[in-house]
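Undergrad: Dropping a structure here in structure tokens format, bear with me for questions.
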Amino acid sequence: MSLKNTDVLKVLLMFFVFVGSLHSVNASNESIKEIEIYLKPEIVKINPYESTVIDLVLVNGSSVGVVDVYIGYNDNIIEIVNMSSEYNFEYTKTFAHNSHIVPVLNVKVFLKNELVENQSKIASITLKGIKEGETFLQFLSLPDVYDKSGKPMKCSVLESTEVVVKAINKAEINFSDNIISLDPYEEANVNIILKNGSKINTLKISLEYNRNIIRVENVTSPFKIEDIELKGETLNMTILTSGGLSDNATPVANLTIKALSKGFTVIGISRVEGYDVNGNPVYLSRTSPHGVEIIVSGAVPEGIIFAEIFMKIILVYLIVFLAILAIVLVALILIIFLIRKARKKGNRLYYYIAAALFIALLLFLMSEFQWW
């Protein structure tokens, strides 16, 4: 059986259409490139209070209209101080979750009317170190990406950024002692020591301790104490060094501590801040020991025990006396009121009640004086 010319032409035409369709599919697959978002650089190292910039980069985003990303970070180590972009954008640094504020950076960039290159920096994150430590800026989920008509698009993320905050030649503050043992009413001295503090011009220190166990009797310093204040169980002080510190370990304050009663407490540095001559913060690290254990034990001197007991007895008698006096005054006022009412209304019943109340008052006073 032979094929007609028209049949041959049909077969050839179908073949070329099939090949052409395969080529068009391959060409379309090659033109569709995956959209990616990443943070740059992969790692940064900064000092406390120093700032750096992390870029948010979009790859193959020519058809993207909106990018919405959520980035987690540790707000104890770093602080997000600013966001910038050459495009329209909005951002928030925290959001509420189960009545808690969670540190999450949400950045939304609007690219609907923008021409974006194949690899473009769409936003920059400025962050500052707060204290020493390591944290990551990392995507908490896949970004929400929409094309210029508002339809969702697939997107992947590539990198997170590691942030290392570490101080070089940092100033260190601690105490001269670890443990102090005292008897009640005994006194001791302890120094607050500062090392590598030559840049510090102003020093602010907060100390916390149990005021039922110990009392800070006196604070002295080789430098000027500009301000000192006791709030509850927190002692705040401001010391002006005026550039007089060296990088050697130097006592900046001496505390005279007096034990009050048996027990255990720790006097510790709860907060410390340092500033240079221009008012810029200088990073301070609390190194061991940044708290002194105070153990108060032993026997109390007999004279002090007797004095305390005597004062307690006087206090008890004074309270009882005032209570009796108050009862007598109330009863007398009530008796006078009843007598006046009896005279005014001519009703003897008020006289009887007043008399009964007077007798009850006498019996009460007799019983109390007998107890005394």
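In the structure tokens, chains take the letters A, B, ... in the order shown, each chain's residues start at 1, and ligands count up from 1 in the order shown.
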Quick one: residues within 8 Å of Tyr87 in chain A, only C-alpha atoms counted, chain neighbours fewer than 2 positions away excluded, as an MDAnalysis selection string?
TA: chainID A and resid 85 89 109:111 114 122:123
Undergrad: May I have the selected residues written with N, CA, C and O atoms, as a PDB file, in the first residue's frame?
TA:
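And here is the file that came out, out32.pdb:
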```pdb
ATOM      1  N   SER A  85      15.269  51.779  51.966  1.00  0.00           N
ATOM      2  CA  SER A  85      15.070  51.161  50.661  1.00  0.00           C
ATOM      3  C   SER A  85      14.852  52.263  49.631  1.00  0.00           C
ATOM      4  O   SER A  85      14.327  53.331  49.942  1.00  0.00           O
ATOM      5  N   PHE A  89       8.233  51.057  51.003  1.00  0.00           N
ATOM      6  CA  PHE A  89       8.262  49.906  51.905  1.00  0.00           C
ATOM      7  C   PHE A  89       7.646  50.312  53.241  1.00  0.00           C
ATOM      8  O   PHE A  89       7.439  51.497  53.530  1.00  0.00           O
ATOM      9  N   VAL A 109       7.985  45.225  50.881  1.00  0.00           N
ATOM     10  CA  VAL A 109       8.505  46.109  49.833  1.00  0.00           C
ATOM     11  C   VAL A 109       7.560  46.058  48.633  1.00  0.00           C
ATOM     12  O   VAL A 109       7.175  44.969  48.186  1.00  0.00           O
ATOM     13  N   PHE A 110       7.206  47.235  48.105  1.00  0.00           N
ATOM     14  CA  PHE A 110       6.244  47.342  47.007  1.00  0.00           C
ATOM     15  C   PHE A 110       6.989  47.660  45.708  1.00  0.00           C
ATOM     16  O   PHE A 110       7.618  48.711  45.574  1.00  0.00           O
ATOM     17  N   LEU A 111       6.899  46.714  44.748  1.00  0.00           N
ATOM     18  CA  LEU A 111       7.662  46.821  43.494  1.00  0.00           C
ATOM     19  C   LEU A 111       6.749  46.832  42.266  1.00  0.00           C
ATOM     20  O   LEU A 111       7.228  46.636  41.140  1.00  0.00           O
ATOM     21  N   GLU A 114       7.865  49.257  39.646  1.00  0.00           N
ATOM     22  CA  GLU A 114       9.317  49.402  39.604  1.00  0.00           C
ATOM     23  C   GLU A 114       9.938  48.400  38.636  1.00  0.00           C
ATOM     24  O   GLU A 114       9.410  47.307  38.419  1.00  0.00           O
ATOM     25  N   ILE A 122      16.739  45.196  47.705  1.00  0.00           N
ATOM     26  CA  ILE A 122      15.435  45.849  47.820  1.00  0.00           C
ATOM     27  C   ILE A 122      15.242  46.535  49.172  1.00  0.00           C
ATOM     28  O   ILE A 122      14.316  47.329  49.336  1.00  0.00           O
ATOM     29  N   ALA A 123      16.111  46.240  50.160  1.00  0.00           N
ATOM     30  CA  ALA A 123      16.027  46.912  51.459  1.00  0.00           C
ATOM     31  C   ALA A 123      17.329  46.697  52.217  1.00  0.00           C
ATOM     32  O   ALA A 123      18.084  45.746  51.937  1.00  0.00           O
TER      33      ALA A 123
END
```
Undergrad: Can you tell me, as a PyMOL selection string, what residues are no more than 8 Å from range 240-244 of chain A when counting only C-alpha atoms, ignoring any on the same chain fewer than 6 positions away?
TA: chain A and resi 198-203+223-226+277
Undergrad: Per DSSP on the backbone, what are the strand (DSSP E or B) residues of range 194-368 of chain A, as a ChimeraX atom specification?
TA: /A:194-195,202-208,214-220,224-231,234-240,250-259,263-275,281-282,284-286,291-296
Undergrad: Just checking: using only C-alpha atoms, which residue out of A:Ile193, A:Ala326, A:Leu115, A:Val69 ends up closest to Lys148 in chain A?
TA: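 Distance minimum relative to Lys148 in chain A lands on A:Leu115.
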Undergrad: Between CA of Leu357 in chain A and CA of Val320 in chain A, what is the distance, to one decimal in Å?
TA: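 So the answer is 21.1 Å.
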Undergrad: Using Å and a single decimal, report how far CA of Asn347 in chain A sits from CA of Leu334 in chain A.
TA: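 Atom-to-atom, CA of Leu334 in chain A to CA of Asn347 in chain A, that is 16.2 Å.
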Undergrad: Taking 6 positions as the minimum chain separation for residues in the same chain, which residues sit within 12 Å of Asn82 in chain A when counting only C-alpha atoms? Answer as a PyMOL selection string.
TA: chain A and resi 51-54+90-93+105+107+123-128
Undergrad: With a distance cut-off of 7 Å and only C-alpha atoms, select the neighbouring residues of Pro103 in chain A, excluding the residue or stretch itself and same-chain residues fewer than 4 positions from it, and output the selection as a ChimeraX atom specification.
TA: /A:72-75,93-95
Undergrad: Save out the residues we just selected, N, CA, C and O atoms, as an mmCIF file, in the first residue's frame.
TA:
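Generated output (out.cif):
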```
data_model
loop_
_atom_site.group_PDB
_atom_site.id
_atom_site.type_symbol
_atom_site.label_atom_id
_atom_site.label_comp_id
_atom_site.auth_asym_id
_atom_site.auth_seq_id
_atom_site.Cartn_x
_atom_site.Cartn_y
_atom_site.Cartn_z
ATOM 1 N N GLY A 72 13.449 36.791 62.171
ATOM 2 C CA GLY A 72 13.611 36.708 63.619
ATOM 3 C C GLY A 72 15.000 37.110 64.053
ATOM 4 O O GLY A 72 15.972 36.964 63.304
ATOM 5 N N TYR A 73 15.111 37.606 65.305
ATOM 6 C CA TYR A 73 16.414 37.987 65.861
ATOM 7 C C TYR A 73 16.318 38.031 67.380
ATOM 8 O O TYR A 73 15.209 38.019 67.949
ATOM 9 N N ASN A 74 17.453 38.087 68.040
ATOM 10 C CA ASN A 74 17.512 38.135 69.503
ATOM 11 C C ASN A 74 17.703 39.594 69.921
ATOM 12 O O ASN A 74 18.780 40.160 69.734
ATOM 13 N N ASP A 75 16.655 40.191 70.502
ATOM 14 C CA ASP A 75 16.733 41.610 70.852
ATOM 15 C C ASP A 75 17.499 41.857 72.149
ATOM 16 O O ASP A 75 17.633 43.015 72.565
ATOM 17 N N LYS A 93 9.082 46.155 63.950
ATOM 18 C CA LYS A 93 10.180 45.419 64.606
ATOM 19 C C LYS A 93 9.690 44.370 65.591
ATOM 20 O O LYS A 93 10.468 43.520 66.008
ATOM 21 N N THR A 94 8.449 44.439 66.013
ATOM 22 C CA THR A 94 7.919 43.476 66.983
ATOM 23 C C THR A 94 6.453 43.197 66.665
ATOM 24 O O THR A 94 5.805 43.941 65.927
ATOM 25 N N PHE A 95 5.932 42.118 67.244
ATOM 26 C CA PHE A 95 4.494 41.895 67.212
ATOM 27 C C PHE A 95 4.085 41.144 68.473
ATOM 28 O O PHE A 95 4.911 40.512 69.135
#
```
Undergrad: CA of Ile239 in chain A and CA of Leu255 in chain A are how many Å apart?
TA: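 According to the coordinates, CA of Ile239 in chain A and CA of Leu255 in chain A are separated by 13.7 Å.
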Undergrad: At a cut-off of 10 Å, using only C-alpha atoms, what residues contact Val57 in chain A? Leave out same-chain residues fewer than 4 positions from it and give the result as JSON, numbers by chain.
TA: {"A": [36, 37, 38, 39, 40, 61, 119, 120, 121, 122, 123, 124]}
Undergrad: Would you list the contacts of range 169-178 of chain A as a list in words, taking every protein, DNA or RNA residue within 6 Å and counting only C-alpha atoms, but skipping same-chain residues closer than 4 positions in sequence?
TA: Asn191, Ile192, Ile193, Leu194, Lys195, Asn196, Gly197, Leu284, Ser285, Arg286, Thr287, Pro289, His290 and Val292 of chain A
